[in-house]
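Next comes my_file.csv, with CSV, C-alpha atoms.
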chain,number,residue,atom,x,y,z
K,1,MET,CA,-0.2,16.6,-5.9
K,2,PRO,CA,0.8,13.0,-5.1
K,3,SER,CA,2.2,13.0,-1.5
K,4,CYS,CA,4.6,11.1,0.7
K,5,GLY,CA,4.4,10.9,4.5
K,6,SER,CA,6.3,9.0,7.3
K,7,GLN,CA,5.5,5.6,5.7
K,8,VAL,CA,8.6,6.3,3.6
K,9,THR,CA,10.6,4.7,6.3
K,10,ILE,CA,9.1,1.3,5.6
K,11,CYS,CA,7.2,1.5,2.3
K,12,GLU,CA,8.9,1.0,-1.0
K,13,LEU,CA,6.1,2.7,-3.0
K,14,PRO,CA,5.4,5.5,-0.5
K,15,ILE,CA,4.1,8.2,-2.9
K,16,ARG,CA,0.3,8.0,-2.8
K,17,PHE,CA,-2.4,9.5,-4.8
K,18,ASP,CA,-6.1,9.8,-4.0
K,19,THR,CA,-8.8,11.1,-6.3
K,20,TYR,CA,-11.3,11.1,-3.4
K,21,GLN,CA,-11.4,12.0,0.3
K,22,GLY,CA,-13.7,9.7,2.3
K,23,CYS,CA,-15.2,6.3,1.5
K,24,THR,CA,-18.6,4.7,1.6
K,25,HIS,CA,-17.4,1.1,1.9
K,26,GLY,CA,-18.0,1.4,5.7
K,27,CYS,CA,-15.3,-1.1,6.6
K,28,SER,CA,-15.3,-1.4,10.4
K,29,TYR,CA,-11.5,-1.9,10.6
K,30,CYS,CA,-10.6,1.0,8.3
K,31,PHE,CA,-7.4,2.8,9.5
K,32,ALA,CA,-8.5,6.1,7.8
K,33,ARG,CA,-11.8,5.8,9.7
K,34,ARG,CA,-10.0,5.2,13.0
K,35,LYS,CA,-7.8,8.2,12.4
K,36,ASN,CA,-10.3,10.7,11.0
K,37,GLY,CA,-13.7,9.5,12.4
K,38,ASP,CA,-16.7,9.6,10.1
K,39,ILE,CA,-15.4,9.4,6.5
K,40,SER,CA,-18.7,8.5,4.8
K,41,THR,CA,-19.0,11.9,3.1
K,42,VAL,CA,-17.0,11.6,-0.1
K,43,LYS,CA,-15.4,14.7,-1.6
K,44,PRO,CA,-13.1,15.3,-4.5
K,45,PHE,CA,-9.5,15.3,-3.5
K,46,GLU,CA,-6.3,15.3,-5.7
K,47,SER,CA,-7.0,16.3,-9.3
K,48,GLU,CA,-6.0,15.1,-12.7
K,49,ASP,CA,-3.9,18.3,-13.1
K,50,ALA,CA,-1.9,17.5,-10.0
K,51,LEU,CA,-1.3,14.0,-11.3
K,52,ARG,CA,-0.2,15.3,-14.7
K,53,ARG,CA,2.3,17.7,-13.0
K,54,PHE,CA,3.9,14.9,-11.0
K,55,ILE,CA,4.2,12.7,-14.0
K,56,SER,CA,5.9,15.5,-15.9
K,57,GLY,CA,8.6,15.6,-13.3
K,58,LYS,CA,7.4,18.4,-10.9
K,59,ARG,CA,7.9,17.6,-7.3
K,60,ASN,CA,6.8,19.2,-4.0
K,61,GLN,CA,8.5,19.3,-0.6
K,62,GLU,CA,7.3,15.8,0.3
K,63,THR,CA,8.5,14.2,-2.9
K,64,SER,CA,11.6,16.3,-3.7
K,65,TRP,CA,13.9,13.3,-2.8
K,66,CYS,CA,12.5,11.3,-5.7
K,67,ASP,CA,14.0,12.0,-9.1
K,68,TRP,CA,12.9,8.9,-11.0
K,69,ASN,CA,9.5,7.6,-12.3
K,70,ILE,CA,8.7,5.8,-9.1
K,71,PRO,CA,5.3,3.9,-9.3
K,72,ILE,CA,2.5,5.9,-7.8
K,73,HIS,CA,0.3,4.0,-5.3
K,74,TRP,CA,-3.3,5.1,-6.2
K,75,GLY,CA,-5.9,4.5,-3.4
K,76,GLY,CA,-3.7,4.9,-0.3
K,77,MET,CA,-6.4,6.6,1.8
K,78,SER,CA,-9.6,6.3,-0.2
K,79,ASP,CA,-10.9,3.8,-2.9
K,80,PRO,CA,-10.6,5.3,-6.3
K,81,PHE,CA,-13.4,3.1,-7.7
K,82,GLN,CA,-16.0,3.4,-4.9
K,83,PRO,CA,-19.6,4.4,-5.8
K,84,ALA,CA,-18.9,8.2,-5.9
K,85,GLU,CA,-16.9,7.5,-9.0
K,86,ARG,CA,-20.1,6.6,-11.0
K,87,LEU,CA,-21.1,10.3,-10.7
K,88,GLN,CA,-17.9,12.2,-10.6
K,89,LYS,CA,-15.7,10.2,-13.0
K,90,ARG,CA,-12.5,11.6,-11.5
K,91,SER,CA,-10.7,8.3,-11.5
K,92,LEU,CA,-11.7,7.8,-15.2
K,93,LYS,CA,-10.0,11.1,-16.1
K,94,CYS,CA,-6.9,10.0,-14.3
K,95,LEU,CA,-6.9,6.6,-16.0
K,96,LYS,CA,-6.8,8.5,-19.3
K,97,ILE,CA,-3.7,10.3,-18.2
K,98,PHE,CA,-2.0,7.1,-17.1
K,99,ALA,CA,-3.0,5.6,-20.5
K,100,ASP,CA,-1.6,8.5,-22.4
K,101,THR,CA,1.7,8.7,-20.5
K,102,GLY,CA,2.4,5.1,-19.7
K,103,TYR,CA,3.4,6.1,-16.2
K,104,PRO,CA,3.7,3.1,-13.8
K,105,PHE,CA,1.1,2.9,-11.0
K,106,VAL,CA,-0.4,0.4,-8.5
K,107,PHE,CA,-4.0,0.8,-7.6
K,108,SER,CA,-5.8,-0.7,-4.6
K,109,THR,CA,-9.6,-1.2,-4.7
K,110,LYS,CA,-12.6,-3.2,-3.7
K,111,GLY,CA,-14.9,-1.3,-6.2
K,112,ALA,CA,-16.6,-3.1,-9.0
K,113,ILE,CA,-16.7,0.0,-11.2
K,114,VAL,CA,-13.1,-0.7,-12.3
K,115,VAL,CA,-14.3,-3.7,-14.3
K,116,GLU,CA,-16.9,-1.8,-16.3
K,117,ASP,CA,-16.1,-1.6,-20.0
K,118,GLU,CA,-14.8,2.0,-20.2
K,119,TYR,CA,-12.4,1.4,-17.4
K,120,LEU,CA,-11.1,-2.0,-18.7
K,121,GLU,CA,-10.6,-0.5,-22.1
K,122,LEU,CA,-8.3,2.2,-20.6
K,123,LEU,CA,-6.5,-0.3,-18.4
K,124,THR,CA,-5.4,-2.2,-21.4
K,125,LYS,CA,-3.4,0.9,-22.4
K,126,CYS,CA,-2.0,1.5,-18.9
K,127,ASN,CA,1.2,0.4,-17.1
K,128,ALA,CA,-0.8,-0.8,-14.1
K,129,VAL,CA,-0.6,-3.4,-11.3
K,130,ALA,CA,-4.0,-4.1,-9.7
K,131,GLN,CA,-4.5,-4.9,-6.0
K,132,ILE,CA,-7.9,-6.2,-5.0
K,133,SER,CA,-8.5,-6.3,-1.2
K,134,MET,CA,-10.3,-9.5,-0.1
K,135,VAL,CA,-9.7,-11.7,2.9
K,136,SER,CA,-12.7,-13.9,3.5
K,137,PRO,CA,-16.5,-14.1,2.9
K,138,LYS,CA,-16.7,-13.6,6.7
K,139,TYR,CA,-15.6,-10.0,6.1
K,140,ASP,CA,-18.8,-9.2,4.2
K,141,ARG,CA,-20.5,-8.1,7.4
K,142,LEU,CA,-17.5,-5.9,8.2
K,143,GLU,CA,-17.6,-4.2,4.8
K,144,PRO,CA,-21.3,-3.3,4.4
K,145,GLY,CA,-20.8,-0.8,1.6
K,146,ALA,CA,-18.4,-2.8,-0.5
K,147,PRO,CA,-19.0,-5.5,-3.1
K,148,SER,CA,-19.2,-8.9,-1.5
K,149,PHE,CA,-16.3,-11.3,-1.5
K,150,GLU,CA,-17.9,-13.3,-4.3
K,151,GLU,CA,-18.4,-10.2,-6.4
K,152,ARG,CA,-14.7,-9.4,-6.0
K,153,LEU,CA,-13.8,-13.0,-7.0
K,154,SER,CA,-15.7,-12.4,-10.3
K,155,MET,CA,-13.6,-9.2,-10.9
K,156,LEU,CA,-10.3,-11.0,-10.9
K,157,PRO,CA,-10.3,-12.7,-14.4
K,158,LYS,CA,-11.2,-9.4,-16.0
K,159,LEU,CA,-8.5,-7.4,-14.3
K,160,ALA,CA,-5.9,-10.2,-14.9
K,161,GLN,CA,-6.4,-9.7,-18.6
K,162,VAL,CA,-5.8,-5.9,-18.7
K,163,THR,CA,-3.0,-5.3,-16.1
K,164,LYS,CA,0.6,-6.1,-15.8
K,165,ARG,CA,0.0,-8.1,-12.6
K,166,LEU,CA,-2.9,-8.8,-10.3
K,167,ILE,CA,-2.4,-9.0,-6.6
K,168,VAL,CA,-4.9,-10.1,-4.0
K,169,ARG,CA,-4.4,-8.2,-0.7
K,170,ILE,CA,-5.3,-10.4,2.3
K,171,SER,CA,-5.5,-7.4,4.5
K,172,PRO,CA,-6.2,-6.8,7.3
K,173,TYR,CA,-5.9,-10.4,8.2
K,174,ALA,CA,-7.5,-11.7,11.4
K,175,LEU,CA,-5.8,-14.6,13.3
K,176,GLY,CA,-7.5,-18.0,12.9
K,177,LEU,CA,-8.4,-17.7,9.2
K,178,SER,CA,-5.3,-19.4,7.7
K,179,ASN,CA,-7.1,-22.6,6.5
K,180,GLU,CA,-10.0,-20.7,5.0
K,181,VAL,CA,-7.7,-18.1,3.3
K,182,SER,CA,-5.5,-21.0,2.0
K,183,SER,CA,-8.5,-22.7,0.4
K,184,PHE,CA,-8.9,-19.8,-2.1
K,185,MET,CA,-5.4,-20.0,-3.5
K,186,SER,CA,-6.3,-22.4,-6.3
K,187,VAL,CA,-9.2,-20.1,-7.2
K,188,TYR,CA,-6.9,-17.1,-7.3
K,189,LYS,CA,-4.4,-18.9,-9.6
K,190,SER,CA,-7.2,-20.0,-12.0
K,191,ALA,CA,-8.4,-16.4,-12.1
K,192,GLY,CA,-5.0,-15.1,-13.3
K,193,VAL,CA,-3.7,-13.7,-10.0
K,194,TYR,CA,0.1,-13.2,-9.9
K,195,GLY,CA,0.4,-13.3,-6.1
K,196,VAL,CA,-1.0,-12.5,-2.7
K,197,GLU,CA,0.0,-9.9,-0.1
K,198,ILE,CA,-0.8,-10.3,3.6
K,199,GLU,CA,-0.8,-8.0,6.6
K,200,GLY,CA,-2.2,-8.4,10.1
K,201,MET,CA,-5.1,-6.5,11.6
K,202,LYS,CA,-4.1,-3.5,13.7
K,203,ARG,CA,-6.0,-1.6,16.4
K,204,GLN,CA,-5.8,1.9,17.6
K,205,ASN,CA,-6.6,1.1,21.2
K,206,LYS,CA,-5.2,-1.5,23.6
K,207,ARG,CA,-6.8,-4.9,23.6
K,208,GLU,CA,-6.0,-8.1,25.4
K,209,GLY,CA,-3.5,-10.3,23.6
K,210,LEU,CA,-2.1,-7.5,21.4
K,211,VAL,CA,1.3,-5.8,21.6
K,212,LYS,CA,2.2,-2.1,20.9
K,213,ILE,CA,4.2,-1.6,17.8
K,214,GLY,CA,4.8,2.0,16.8
K,215,GLY,CA,1.4,3.7,17.1
K,216,ASP,CA,-0.6,0.5,16.7
K,217,TRP,CA,-1.8,-2.4,18.7
K,218,CYS,CA,-0.9,-5.6,16.8
K,219,TYR,CA,-1.0,-9.4,17.0
K,220,PRO,CA,2.2,-10.9,18.5
K,221,LYS,CA,4.7,-11.7,15.8
K,222,GLU,CA,4.9,-15.4,16.5
K,223,ASN,CA,1.1,-15.8,16.2
K,224,LEU,CA,1.1,-14.1,12.8
K,225,GLU,CA,4.1,-16.0,11.6
K,226,ARG,CA,2.4,-19.3,12.4
K,227,ASP,CA,-0.7,-18.4,10.3
K,228,PHE,CA,1.4,-16.8,7.5
K,229,GLU,CA,3.4,-20.0,7.1
K,230,VAL,CA,0.3,-22.0,6.4
K,231,ILE,CA,-0.9,-19.4,3.8
K,232,LYS,CA,2.5,-19.1,2.2
K,233,SER,CA,2.8,-22.9,1.8
K,234,SER,CA,-0.6,-23.0,0.1
K,235,ALA,CA,0.2,-20.0,-2.2
K,236,LYS,CA,3.5,-21.5,-3.2
K,237,SER,CA,1.9,-24.9,-3.9
K,238,GLU,CA,-0.3,-23.1,-6.5
K,239,GLY,CA,2.7,-21.2,-8.0
K,240,LEU,CA,1.6,-17.8,-6.6
K,241,ALA,CA,4.0,-15.2,-5.4
K,242,PHE,CA,3.8,-14.3,-1.7
K,243,PHE,CA,4.4,-10.9,-0.2
K,244,VAL,CA,4.2,-9.7,3.4
K,245,GLY,CA,3.1,-6.1,4.3
K,246,GLU,CA,3.6,-6.9,8.0
K,247,ASN,CA,6.8,-5.1,8.7
K,248,ARG,CA,8.0,-7.6,11.4
K,249,LEU,CA,7.6,-10.5,9.0
K,250,ARG,CA,8.4,-8.8,5.7
K,251,VAL,CA,11.4,-11.1,5.3
K,252,MET,CA,8.9,-14.0,4.7
K,253,GLY,CA,7.9,-12.5,1.4
K,254,ASP,CA,9.4,-13.0,-2.0
K,255,ASP,CA,10.6,-9.4,-1.9
K,256,THR,CA,10.6,-6.6,0.6
K,257,CYS,CA,8.4,-4.5,-1.7
K,258,CYS,CA,5.0,-6.0,-0.7
K,259,CYS,CA,3.1,-4.4,-3.6
K,260,GLY,CA,4.2,-7.2,-6.0
K,261,VAL,CA,6.1,-5.1,-8.5
K,262,SER,CA,9.6,-6.7,-8.0
K,263,GLY,CA,11.2,-7.7,-11.3
K,264,LEU,CA,8.5,-5.9,-13.4
K,265,SER,CA,10.1,-3.7,-16.1
K,266,GLY,CA,9.6,0.0,-15.5
K,267,PHE,CA,8.5,-0.4,-11.9
K,268,THR,CA,11.5,0.8,-9.8
K,269,PRO,CA,10.7,1.0,-6.0
K,270,ASN,CA,12.5,3.1,-3.4
K,271,ARG,CA,14.9,0.7,-1.6
K,272,ALA,CA,16.4,3.4,0.7
K,273,ASN,CA,14.4,2.4,3.8
K,274,LEU,CA,14.3,0.2,6.9
K,275,ASN,CA,13.6,-2.9,4.8
K,276,ARG,CA,17.4,-3.1,4.1
K,277,LEU,CA,17.9,-3.8,7.8
K,278,ILE,CA,16.0,-7.0,7.7
K,279,LYS,CA,18.0,-8.0,4.6
K,280,ASN,CA,21.2,-7.1,6.5
K,281,GLU,CA,22.1,-4.7,3.7
K,282,PRO,CA,23.3,-1.1,3.9
K,283,ILE,CA,20.8,1.7,3.1
K,284,LEU,CA,22.0,3.2,-0.1
K,285,TYR,CA,20.9,6.7,-1.1
K,286,SER,CA,20.6,8.5,-4.4
K,287,SER,CA,22.4,11.8,-4.8
K,288,LYS,CA,19.1,13.6,-4.6
K,289,MET,CA,18.3,12.0,-1.2
K,290,LYS,CA,21.5,13.6,0.2
K,291,GLU,CA,20.5,17.1,-0.7
K,292,THR,CA,19.4,19.5,2.0
K,293,GLY,CA,15.7,20.1,2.1
K,294,THR,CA,14.6,16.6,1.1
K,295,ALA,CA,13.5,15.5,4.6
K,296,LYS,CA,9.9,16.7,4.6
K,297,PRO,CA,8.4,13.2,4.7
K,298,PHE,CA,9.9,12.7,8.2
K,299,GLN,CA,8.1,15.7,9.7
K,300,GLN,CA,5.3,13.8,11.3
K,301,GLY,CA,7.6,11.5,13.2
K,302,TYR,CA,10.4,13.9,13.9
K,303,ALA,CA,9.4,17.6,13.9
K,304,GLN,CA,7.0,17.8,16.9
K,305,ASP,CA,7.8,21.4,17.6
K,306,GLN,CA,8.8,24.5,15.7
K,307,ALA,CA,12.5,24.2,16.6
K,308,LYS,CA,12.7,20.7,15.2
K,309,ALA,CA,10.7,21.7,12.1
K,310,LEU,CA,13.2,24.4,11.4
K,311,GLN,CA,16.0,21.9,11.9
K,312,LEU,CA,14.4,19.5,9.5
K,313,CYS,CA,14.6,22.1,6.8
K,314,GLN,CA,18.3,21.9,6.9
K,315,MET,CA,18.4,18.1,6.8
K,316,SER,CA,18.3,15.6,4.0
K,317,TYR,CA,16.3,12.4,3.4
K,318,ALA,CA,19.5,10.5,4.1
K,319,ASP,CA,20.2,12.4,7.4
K,320,CYS,CA,16.8,11.5,8.8
K,321,MET,CA,16.8,7.9,7.6
K,322,THR,CA,20.2,7.4,9.1
K,323,ILE,CA,19.1,8.8,12.5
K,324,TYR,CA,15.9,6.8,12.6
K,325,SER,CA,17.4,3.5,11.4
K,326,ASN,CA,19.5,3.5,14.6
K,327,THR,CA,16.7,3.9,17.0
K,328,LYS,CA,15.1,1.1,19.1
K,329,ASN,CA,11.7,2.0,17.8
K,330,ALA,CA,12.8,1.4,14.2
K,331,LEU,CA,14.3,-2.0,15.1
K,332,ARG,CA,11.1,-3.0,16.9
K,333,VAL,CA,8.9,-1.9,14.0
K,334,MET,CA,10.9,-4.2,11.7
K,335,GLY,CA,10.8,-7.1,14.2
K,336,LEU,CA,14.5,-6.9,15.0
K,337,LEU,CA,13.8,-6.4,18.7
K,338,SER,CA,11.3,-8.6,20.5
K,339,ASP,CA,7.7,-7.5,20.9
Represent the structure from my file as structure tokens, please.
Amino acid sequence: MPSCGSQVTICELPIRFDTYQGCTHGCSYCFARRKNGDISTVKPFESEDALRRFISGKRNQETSWCDWNIPIHWGGMSDPFQPAERLQKRSLKCLKIFADTGYPFVFSTKGAIVVEDEYLELLTKCNAVAQISMVSPKYDRLEPGAPSFEERLSMLPKLAQVTKRLIVRISPYALGLSNEVSSFMSVYKSAGVYGVEIEGMKRQNKREGLVKIGGDWCYPKENLERDFEVIKSSAKSEGLAFFVGENRLRVMGDDTCCCGVSGLSGFTPNRANLNRLIKNEPILYSSKMKETGTAKPFQQGYAQDQAKALQLCQMSYADCMTIYSNTKNALRVMGLLSD
């Protein structure tokens, strides 16, 4: 079943779906790889039946707070169109469900399988936003199992024709590449890309020059901001939308929802999160979010022992978000306290 974790505090499309567990792209910077170790063995994960149940309105404990057709983010932990798909066809089956139902979704991939004819044909019938992750040709050596940067460039025009919007994810961005990244904006525009989304590289362990933000070691905010301004200026000069997934700098983007769905009919994100703080707006909750028992997504960050887990069962989504939004850690994550 599509799930939702602690990212709900900062992400406006926090309900993720993964047809596979593991990935063979071999990206050296992969956060799933850092967290779980060797992920090169790819196994089936969430099924098409689970997807169908969610689309029909059924919710589990993690998603009980959501009572509207929130867009699903497909490919949160594993690429749905990696080489394993050629044999297992699990993502193809899910595409057929999305095509039949018209349910909104955003998918993230580096995989070239998605531009094969049978996939493109289904995408023409879907309510989909595509995100292609690509930073620089220099990353080819960091992504040994994935299509090259040039191969991904060739995918863009095909996806632009069959999706509602096409976003290039410049993530994870490494400092010092602003001029090179900027040089591709005209290419993206010509290929039919709607906009770009950018987020800085994060590390699990301490490194010189990095600062601790939440559970990650990150570039200092001012260093990222300097590079992002260069890239934003180039994107805007080409008429591209610009979105920032870096929480401390999200306000630089055209919208706080960095997936690029803002203003797109039928794609309603979850605005009840910390992003309202950077907009200096109150966090507004739906009636469902105020119901007892809707706080499950906060378990990882809040319920560290059995007593707190039991307490969480008696709390609502709104209770937990209200508590967390008033902590120093939340303000620091959103860049409202200095690094």
- prompt: Gly260 (chain K): which residues within 10 Å, counting only C-alpha atoms, same-chain residues fewer than 4 positions away excluded, as an MDAnalysis selection string?
  reply: chainID K and resid 106 129:131 165:168 194:197 241:244 253:256 264 267
Pull C-alpha atoms from the residues just selected and write them as a PDB file, in the frame of the given file.
ATOM      1  CA  VAL K 106      -0.400   0.400  -8.500  1.00  0.00           C
ATOM      2  CA  VAL K 129      -0.600  -3.400 -11.300  1.00  0.00           C
ATOM      3  CA  ALA K 130      -4.000  -4.100  -9.700  1.00  0.00           C
ATOM      4  CA  GLN K 131      -4.500  -4.900  -6.000  1.00  0.00           C
ATOM      5  CA  ARG K 165       0.000  -8.100 -12.600  1.00  0.00           C
ATOM      6  CA  LEU K 166      -2.900  -8.800 -10.300  1.00  0.00           C
ATOM      7  CA  ILE K 167      -2.400  -9.000  -6.600  1.00  0.00           C
ATOM      8  CA  VAL K 168      -4.900 -10.100  -4.000  1.00  0.00           C
ATOM      9  CA  TYR K 194       0.100 -13.200  -9.900  1.00  0.00           C
ATOM     10  CA  GLY K 195       0.400 -13.300  -6.100  1.00  0.00           C
ATOM     11  CA  VAL K 196      -1.000 -12.500  -2.700  1.00  0.00           C
ATOM     12  CA  GLU K 197       0.000  -9.900  -0.100  1.00  0.00           C
ATOM     13  CA  ALA K 241       4.000 -15.200  -5.400  1.00  0.00           C
ATOM     14  CA  PHE K 242       3.800 -14.300  -1.700  1.00  0.00           C
ATOM     15  CA  PHE K 243       4.400 -10.900  -0.200  1.00  0.00           C
ATOM     16  CA  VAL K 244       4.200  -9.700   3.400  1.00  0.00           C
ATOM     17  CA  GLY K 253       7.900 -12.500   1.400  1.00  0.00           C
ATOM     18  CA  ASP K 254       9.400 -13.000  -2.000  1.00  0.00           C
ATOM     19  CA  ASP K 255      10.600  -9.400  -1.900  1.00  0.00           C
ATOM     20  CA  THR K 256      10.600  -6.600   0.600  1.00  0.00           C
ATOM     21  CA  LEU K 264       8.500  -5.900 -13.400  1.00  0.00           C
ATOM     22  CA  PHE K 267       8.500  -0.400 -11.900  1.00  0.00           C
TER      23      PHE K 267
END
Using all atoms listed in the file, what residues lie at most 7 Å away from (-6.7, -2.3, -3.6) (file coordinates), given as a PDB file with C-alpha atoms, keeping the file's coordinate frame?
ATOM      1  CA  GLY K  75      -5.900   4.500  -3.400  1.00  0.00           C
ATOM      2  CA  PHE K 107      -4.000   0.800  -7.600  1.00  0.00           C
ATOM      3  CA  SER K 108      -5.800  -0.700  -4.600  1.00  0.00           C
ATOM      4  CA  THR K 109      -9.600  -1.200  -4.700  1.00  0.00           C
ATOM      5  CA  LYS K 110     -12.600  -3.200  -3.700  1.00  0.00           C
ATOM      6  CA  ALA K 130      -4.000  -4.100  -9.700  1.00  0.00           C
ATOM      7  CA  GLN K 131      -4.500  -4.900  -6.000  1.00  0.00           C
ATOM      8  CA  ILE K 132      -7.900  -6.200  -5.000  1.00  0.00           C
ATOM      9  CA  SER K 133      -8.500  -6.300  -1.200  1.00  0.00           C
ATOM     10  CA  ARG K 169      -4.400  -8.200  -0.700  1.00  0.00           C
TER      11      ARG K 169
END
Selection: 8 Å around Asn273 (chain K), all atoms listed in the file, excl. self and same-chain fewer than 3 positions, as a ChimeraX atom specification: /K:8-12,270,276,283,321
field: Interatomic distance (Å, one decimal) between CA of Glu291 (chain K) and CA of Ala50 (chain K)
entry: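 So the answer is 24.3 Å.
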Against region 57-71 of chain K, which residues of region 210-285 of chain K fall within 10 Å? For each one I want the closest pair of atoms and the distance in Å (one decimal), counting only C-alpha atoms, rows by chain and increasing residue number, as a Markdown table.
| residue | atom | partner | partner_atom | distance |
| --- | --- | --- | --- | --- |
| K:Val261 | CA | K:Pro71 | CA | 9.1 |
| K:Gly266 | CA | K:Asn69 | CA | 8.2 |
| K:Phe267 | CA | K:Pro71 | CA | 6.0 |
| K:Thr268 | CA | K:Ile70 | CA | 5.8 |
| K:Pro269 | CA | K:Ile70 | CA | 6.1 |
| K:Asn270 | CA | K:Ile70 | CA | 7.4 |
| K:Tyr285 | CA | K:Trp65 | CA | 9.8 |
query: At a cut-off of 12 Å from (-1.1, -21.7, 3.9) in the coordinates of the file, what residues are picked up using only C-alpha atoms, written as an MDAnalysis selection string?
result: chainID K and resid 176:186 196 198 224:238 240 242
- request: Extract, using only C-alpha atoms, all DNA, RNA and protein residues at most 12 Å from Arg86 (chain K), discarding same-chain residues fewer than 6 positions from it, and format them as a list in words.
  value: Pro80, Leu92, Gly111, Ala112, Ile113, Val114, Glu116, Glu118 and Tyr119 of chain K
Can I get the selection written as a short mmCIF file (atom, residue, chain, number, x, y, z; two decimals), in the coordinates of the input, with C-alpha atoms?
data_model
loop_
_atom_site.label_atom_id
_atom_site.label_comp_id
_atom_site.auth_asym_id
_atom_site.auth_seq_id
_atom_site.Cartn_x
_atom_site.Cartn_y
_atom_site.Cartn_z
CA PRO K 80 -10.60 5.30 -6.30
CA LEU K 92 -11.70 7.80 -15.20
CA GLY K 111 -14.90 -1.30 -6.20
CA ALA K 112 -16.60 -3.10 -9.00
CA ILE K 113 -16.70 0.00 -11.20
CA VAL K 114 -13.10 -0.70 -12.30
CA GLU K 116 -16.90 -1.80 -16.30
CA GLU K 118 -14.80 2.00 -20.20
CA TYR K 119 -12.40 1.40 -17.40
#
Using only the atoms of region 148-154 of chain K listed in the file, plus 3 Å on each side, state the axis-aligned box centre and edge lengths in Å rounded to one decimal, as lines of an AutoDock Vina configuration file.
center_x = -16.5
center_y = -11.1
center_z = -5.9
size_x = 11.4
size_y = 10.4
size_z = 14.8
- request: Tell me which of K:Gly214, K:Gly239, K:Gly200, K:Pro297 sits closest to Met334 (chain K), counting only C-alpha atoms.
  value: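 Of K:Gly214, K:Gly239, K:Gly200, K:Pro297, the one nearest Met334 (chain K) is K:Gly214, counting only C-alpha atoms.
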task: Compile the contact shell of region 149-158 of chain K as a ChimeraX atom specification: residues with an atom at most 7 Å away, counting only C-alpha atoms, same-chain residues fewer than 3 positions apart removed.
output: /K:110,115,134,136-137,140,161-162,191-192
message: I'd like the contact shell of Asn205 (chain K) - 12 Å cut-off, all atoms listed in the file, skipping same-chain residues fewer than 5 positions apart - returned as a list in words.
response: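 Using all atoms listed in the file, the neighbours found are Phe31, Arg34, Lys35, Leu210, Val211, Lys212, Ile213, Gly215, Asp216, Trp217 and Cys218 of chain K.
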message: Report, in Å to a single decimal, how far apart CA of Arg271 (chain K) and CA of Leu13 (chain K) are.
response: 9.1 Å
task: May I ask for the distance between CA of Ser171 (chain K) and CA of Glu46 (chain K), given in Å to one decimal place?
output: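 Calculated distance between CA of Ser171 (chain K) and CA of Glu46 (chain K) is 24.9 Å.
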- prompt: Which is closer to Lys138 (chain K) than all the others in K:Val187, K:Leu310, K:Ala174, K:Ala84, using all atoms listed in the file?
  reply: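 Smallest distance to Lys138 (chain K) is found for K:Ala174.
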query: Which residue gives the smallest distance to Leu51 (chain K) among K:Leu95, K:Met77, K:Leu277, K:Ile323, with only C-alpha atoms counted?
result: K:Leu95
File output for region 100-111 of chain K (N, CA and C atoms) as a PDB file, in the first residue's frame:
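Resulting contents of out_28.pdb:
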ATOM      1  N   ASP K 100      -6.213   3.632 -16.582  1.00  0.00           N
ATOM      2  CA  ASP K 100      -7.638   3.297 -16.464  1.00  0.00           C
ATOM      3  C   ASP K 100      -8.385   4.238 -15.532  1.00  0.00           C
ATOM      4  N   THR K 101      -7.706   4.680 -14.452  1.00  0.00           N
ATOM      5  CA  THR K 101      -8.378   5.469 -13.412  1.00  0.00           C
ATOM      6  C   THR K 101      -8.200   6.971 -13.565  1.00  0.00           C
ATOM      7  N   GLY K 102      -7.147   7.390 -14.246  1.00  0.00           N
ATOM      8  CA  GLY K 102      -6.856   8.814 -14.355  1.00  0.00           C
ATOM      9  C   GLY K 102      -6.344   9.430 -13.074  1.00  0.00           C
ATOM     10  N   TYR K 103      -5.920   8.578 -12.112  1.00  0.00           N
ATOM     11  CA  TYR K 103      -5.449   9.099 -10.833  1.00  0.00           C
ATOM     12  C   TYR K 103      -4.134   9.864 -11.031  1.00  0.00           C
ATOM     13  N   PRO K 104      -3.976  11.039 -10.398  1.00  0.00           N
ATOM     14  CA  PRO K 104      -2.763  11.847 -10.589  1.00  0.00           C
ATOM     15  C   PRO K 104      -1.543  11.240  -9.905  1.00  0.00           C
ATOM     16  N   PHE K 105      -0.410  11.295 -10.578  1.00  0.00           N
ATOM     17  CA  PHE K 105       0.832  10.812  -9.982  1.00  0.00           C
ATOM     18  C   PHE K 105       2.026  11.534 -10.583  1.00  0.00           C
ATOM     19  N   VAL K 106       3.098  11.524  -9.810  1.00  0.00           N
ATOM     20  CA  VAL K 106       4.396  12.044 -10.236  1.00  0.00           C
ATOM     21  C   VAL K 106       5.379  10.884 -10.167  1.00  0.00           C
ATOM     22  N   PHE K 107       6.108  10.628 -11.236  1.00  0.00           N
ATOM     23  CA  PHE K 107       7.102   9.559 -11.175  1.00  0.00           C
ATOM     24  C   PHE K 107       8.502  10.102 -11.390  1.00  0.00           C
ATOM     25  N   SER K 108       9.439   9.518 -10.642  1.00  0.00           N
ATOM     26  CA  SER K 108      10.844   9.916 -10.723  1.00  0.00           C
ATOM     27  C   SER K 108      11.653   8.754 -11.273  1.00  0.00           C
ATOM     28  N   THR K 109      12.504   9.026 -12.251  1.00  0.00           N
ATOM     29  CA  THR K 109      13.269   7.951 -12.870  1.00  0.00           C
ATOM     30  C   THR K 109      14.532   8.462 -13.548  1.00  0.00           C
ATOM     31  N   LYS K 110      15.443   7.543 -13.773  1.00  0.00           N
ATOM     32  CA  LYS K 110      16.581   7.728 -14.670  1.00  0.00           C
ATOM     33  C   LYS K 110      16.531   6.679 -15.783  1.00  0.00           C
ATOM     34  N   GLY K 111      15.535   5.790 -15.711  1.00  0.00           N
ATOM     35  CA  GLY K 111      15.492   4.612 -16.569  1.00  0.00           C
ATOM     36  C   GLY K 111      14.960   4.867 -17.960  1.00  0.00           C
TER      37      GLY K 111
END
